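Novice: Have a look at this one before I ask anything.
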Amino acid sequence: VSDEAFETLMAVADPPLIVLTTAVENQRAGCLVGFHAQSSMAPRHYCVWLSKANHTYRAALLASHFAIHFLAETDLDLAVRFGTLCGQDVDKFDGLDVDVDENGVPLLKACRHRLLLERVAVLDDGGDHVCFTTEVISAQTGHRFVPLRVSGAPRLEPGHGSEERALRP
Ligand SMILES: Cc1cc2nc3c(=O)[nH]c(=O)nc-3n(C[C@H](O)[C@H](O)[C@H](O)COP(=O)(O)O)c2cc1C
């Protein structure tokens, strides 16, 4: 595979960045995600791919519900917080206004463009990310917004390299 050709093609997609949040036994977790997509129309399914290296992945394995927050281009500070820090070391929610939905999932009040999701299936295909397929419970958005895309956050250093493995296969 040509790395350059692959990177060029992937850059064309330039997905919007989201923050996925969840909670297990009152422990909150969340990370920045670029790998995500709608995957069924009826029922309405949404897939999110989480890195096996992430604290959020380990929480997600035990979680039934998630929220994803679509970041606006003015939300770079949230991208930095959720994409470069590790929830094992710091409370990423500290200092943020947070609501809790009926399933105990933390909602970032500053991000009104959200999907609330219930887990349907998990697929580990042997890659460094794992697919969480979810059903959309609710979609919430206020007004039109300009999304923060991968191309708008070029210098963020992820909290973990994708080659890290906190769990043994
Ligand atoms: C631009 C960008 C895109 C990212 N996309 C993903 C992704 O799709 N899935 C994922 O699990 N992590 C992704 N990450 C990495 C995590 O957000 C990052 O490693 C985070 O610090 C993990 O935090 P945690 O250990 O508290 O879960 C991305 C990071 C950046 C900067």
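Identifiers in the structure tokens: chain A, B, ... in order shown; residue index from 1 per chain; ligand index from 1 in order shown.
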Chain A near ligand 1 within 6 Å: what's each residue's closest atom pair and its distance in Å to one decimal, counting only C-alpha atoms and all ligand atoms, ordered by chain then ascending residue number, as a tab-separated table?
Specialist:
residue	atom	partner	partner_atom_place_in_ligand_line	distance
A:Gly30	CA	ligand 1	27 (O)	5.7
A:Cys31	CA	ligand 1	17 (O)	4.3
A:Leu32	CA	ligand 1	17 (O)	3.7
A:Val33	CA	ligand 1	7 (C)	3.6
A:Gly34	CA	ligand 1	8 (O)	3.8
A:Phe35	CA	ligand 1	8 (O)	3.7
A:Trp49	CA	ligand 1	9 (N)	5.3
A:Leu50	CA	ligand 1	11 (O)	3.3
A:Ser51	CA	ligand 1	11 (O)	3.7
A:Asn54	CA	ligand 1	25 (O)	3.8
A:His55	CA	ligand 1	25 (O)	3.7
A:Thr56	CA	ligand 1	27 (O)	3.6
A:Phe82	CA	ligand 1	20 (C)	5.7
A:Gly83	CA	ligand 1	17 (O)	3.5
A:Thr84	CA	ligand 1	21 (O)	4.0
A:Leu85	CA	ligand 1	21 (O)	4.4
A:Cys86	CA	ligand 1	26 (O)	3.7
A:Gly87	CA	ligand 1	26 (O)	3.4
A:Val150	CA	ligand 1	1 (C)	5.3
A:Leu156	CA	ligand 1	31 (C)	4.6
A:Glu157	CA	ligand 1	31 (C)	5.4
A:Pro158	CA	ligand 1	19 (O)	4.1
A:Gly159	CA	ligand 1	21 (O)	3.2
A:His160	CA	ligand 1	19 (O)	4.2
Novice: So which residues touch stretch 71-76 of chain A within 8 Å, counting only C-alpha atoms, skipping near sequence neighbours fewer than 5 positions away, as a JSON list (two decimals) with N, CA, C and O atoms, in the first residue's frame?
Specialist:
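What follows is the written file selection-v7.json:
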[["chain", "number", "residue", "atom", "x", "y", "z"],
["A", 16, "PRO", "N", -15.95, 15.07, 10.33],
["A", 16, "PRO", "CA", -16.10, 15.96, 11.49],
["A", 16, "PRO", "C", -15.61, 15.24, 12.74],
["A", 16, "PRO", "O", -15.73, 14.02, 12.86],
["A", 17, "LEU", "N", -15.05, 16.00, 13.66],
["A", 17, "LEU", "CA", -14.58, 15.41, 14.92],
["A", 17, "LEU", "C", -15.72, 15.40, 15.93],
["A", 17, "LEU", "O", -16.49, 16.36, 16.03],
["A", 18, "ILE", "N", -15.79, 14.30, 16.67],
["A", 18, "ILE", "CA", -16.80, 14.17, 17.72],
["A", 18, "ILE", "C", -16.11, 13.83, 19.03],
["A", 18, "ILE", "O", -14.98, 13.31, 19.04],
["A", 19, "VAL", "N", -16.78, 14.12, 20.13],
["A", 19, "VAL", "CA", -16.35, 13.62, 21.44],
["A", 19, "VAL", "C", -17.36, 12.59, 21.89],
["A", 19, "VAL", "O", -18.57, 12.89, 21.99],
["A", 111, "CYS", "N", -21.76, 21.57, 24.09],
["A", 111, "CYS", "CA", -21.92, 20.95, 22.75],
["A", 111, "CYS", "C", -23.35, 20.48, 22.58],
["A", 111, "CYS", "O", -23.71, 19.41, 23.07],
["A", 113, "HIS", "N", -24.93, 19.69, 19.82],
["A", 113, "HIS", "CA", -25.19, 18.87, 18.62],
["A", 113, "HIS", "C", -24.77, 17.44, 18.94],
["A", 113, "HIS", "O", -23.59, 17.11, 18.91],
["A", 145, "PHE", "N", -24.30, 24.69, 12.20],
["A", 145, "PHE", "CA", -22.97, 25.01, 12.72],
["A", 145, "PHE", "C", -21.92, 24.53, 11.75],
["A", 145, "PHE", "O", -22.17, 23.63, 10.93],
["A", 146, "VAL", "N", -20.77, 25.14, 11.86],
["A", 146, "VAL", "CA", -19.64, 24.72, 11.02],
["A", 146, "VAL", "C", -18.85, 23.70, 11.83],
["A", 146, "VAL", "O", -18.36, 24.01, 12.92],
["A", 147, "PRO", "N", -18.77, 22.46, 11.34],
["A", 147, "PRO", "CA", -18.10, 21.42, 12.14],
["A", 147, "PRO", "C", -16.59, 21.61, 12.19],
["A", 147, "PRO", "O", -15.99, 22.12, 11.25],
["A", 148, "LEU", "N", -16.02, 21.17, 13.30],
["A", 148, "LEU", "CA", -14.56, 21.05, 13.38],
["A", 148, "LEU", "C", -14.20, 19.72, 12.72],
["A", 148, "LEU", "O", -14.68, 18.66, 13.14],
["A", 149, "ARG", "N", -13.38, 19.77, 11.70],
["A", 149, "ARG", "CA", -13.00, 18.56, 10.98],
["A", 149, "ARG", "C", -11.56, 18.19, 11.30],
["A", 149, "ARG", "O", -10.81, 18.98, 11.89],
["A", 152, "GLY", "N", -9.06, 20.59, 10.54],
["A", 152, "GLY", "CA", -9.04, 21.79, 11.38],
["A", 152, "GLY", "C", -8.29, 21.59, 12.68],
["A", 152, "GLY", "O", -8.17, 22.52, 13.48],
["A", 153, "ALA", "N", -7.79, 20.37, 12.90],
["A", 153, "ALA", "CA", -7.07, 20.07, 14.15],
["A", 153, "ALA", "C", -5.78, 19.32, 13.81],
["A", 153, "ALA", "O", -5.58, 18.20, 14.27]]
Novice: Could you pull out the helix (DSSP H, G or I) residues of stretch 60-163 of chain A from DSSP and send them as a list in words?
Specialist: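 Taking stretch 60-163 of chain A and keeping helix (DSSP H, G or I) gives Ala60, Leu61, Leu62, Leu76, Asp77, Leu78, Ala79, Val80, Arg81, Phe82, Gly83, Thr84, Val150, Ser151 and Gly152 of chain A.
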Novice: Run DSSP on the backbone of this structure and report the residues of stretch 44-124 of chain A it assigns to strand (DSSP E or B), as a count of residues only.
Specialist: 30
Novice: What lies within 6 Å of A:Cys131 using only C-alpha atoms, ignoring chain neighbours under 2 positions off, as a count of residues only?
Specialist: 4
Novice: So, counting only C-alpha atoms, which residue among A:Asp14, A:Asp89, A:Glu164, A:Glu4 is closest to A:Asp128?
Specialist: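 Checking each candidate against A:Asp128, we get A:Glu164 as the closest.
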Novice: Go through A:Ser151, A:Tyr46, A:Asp125, A:Leu117 one by one, measure the shortest atom-to-atom distance of each to A:Val12 using only C-alpha atoms, and give the residue with the smallest value.
Specialist: A:Ser151
Novice: Check the smallest atom-to-atom distance from each of A:Ala23, A:Ala29, A:Leu96, A:Ile68 to A:Arg112 using only C-alpha atoms, then report the winner.
Specialist: A:Ile68
Novice: Just want the 7 Å neighbourhood of A:Val136, counted on only C-alpha atoms, with same-chain residues fewer than 4 positions away dropped. Output as a list in words.
Specialist: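 Answer for this query is Arg44, His45, Tyr46, Leu115, Leu116, Leu117 and Glu118 of chain A.
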Novice: Write to file, as a short mmCIF file (atom, residue, chain, number, x, y, z; two decimals), in the first residue's frame, the residues of the selection just made, with N, CA, C and O atoms.
Specialist:
data_model
loop_
_atom_site.label_atom_id
_atom_site.label_comp_id
_atom_site.auth_asym_id
_atom_site.auth_seq_id
_atom_site.Cartn_x
_atom_site.Cartn_y
_atom_site.Cartn_z
N ARG A 44 -31.96 2.98 12.66
CA ARG A 44 -30.90 3.96 12.52
C ARG A 44 -29.71 3.54 13.38
O ARG A 44 -29.78 3.59 14.61
N HIS A 45 -28.67 3.09 12.70
CA HIS A 45 -27.48 2.65 13.43
C HIS A 45 -26.32 3.60 13.18
O HIS A 45 -26.20 4.19 12.10
N TYR A 46 -25.47 3.70 14.18
CA TYR A 46 -24.29 4.57 14.08
C TYR A 46 -23.09 3.82 14.64
O TYR A 46 -23.18 3.23 15.72
N LEU A 115 -25.80 12.97 19.43
CA LEU A 115 -26.59 11.76 19.31
C LEU A 115 -26.46 11.00 20.62
O LEU A 115 -25.36 10.87 21.16
N LEU A 116 -27.58 10.49 21.11
CA LEU A 116 -27.57 9.58 22.25
C LEU A 116 -27.75 8.17 21.70
O LEU A 116 -28.65 7.91 20.88
N LEU A 117 -26.88 7.27 22.14
CA LEU A 117 -26.75 5.98 21.48
C LEU A 117 -26.84 4.83 22.48
O LEU A 117 -26.36 4.95 23.61
N GLU A 118 -27.41 3.72 22.00
CA GLU A 118 -27.44 2.50 22.80
C GLU A 118 -26.68 1.41 22.05
O GLU A 118 -26.90 1.20 20.85
#
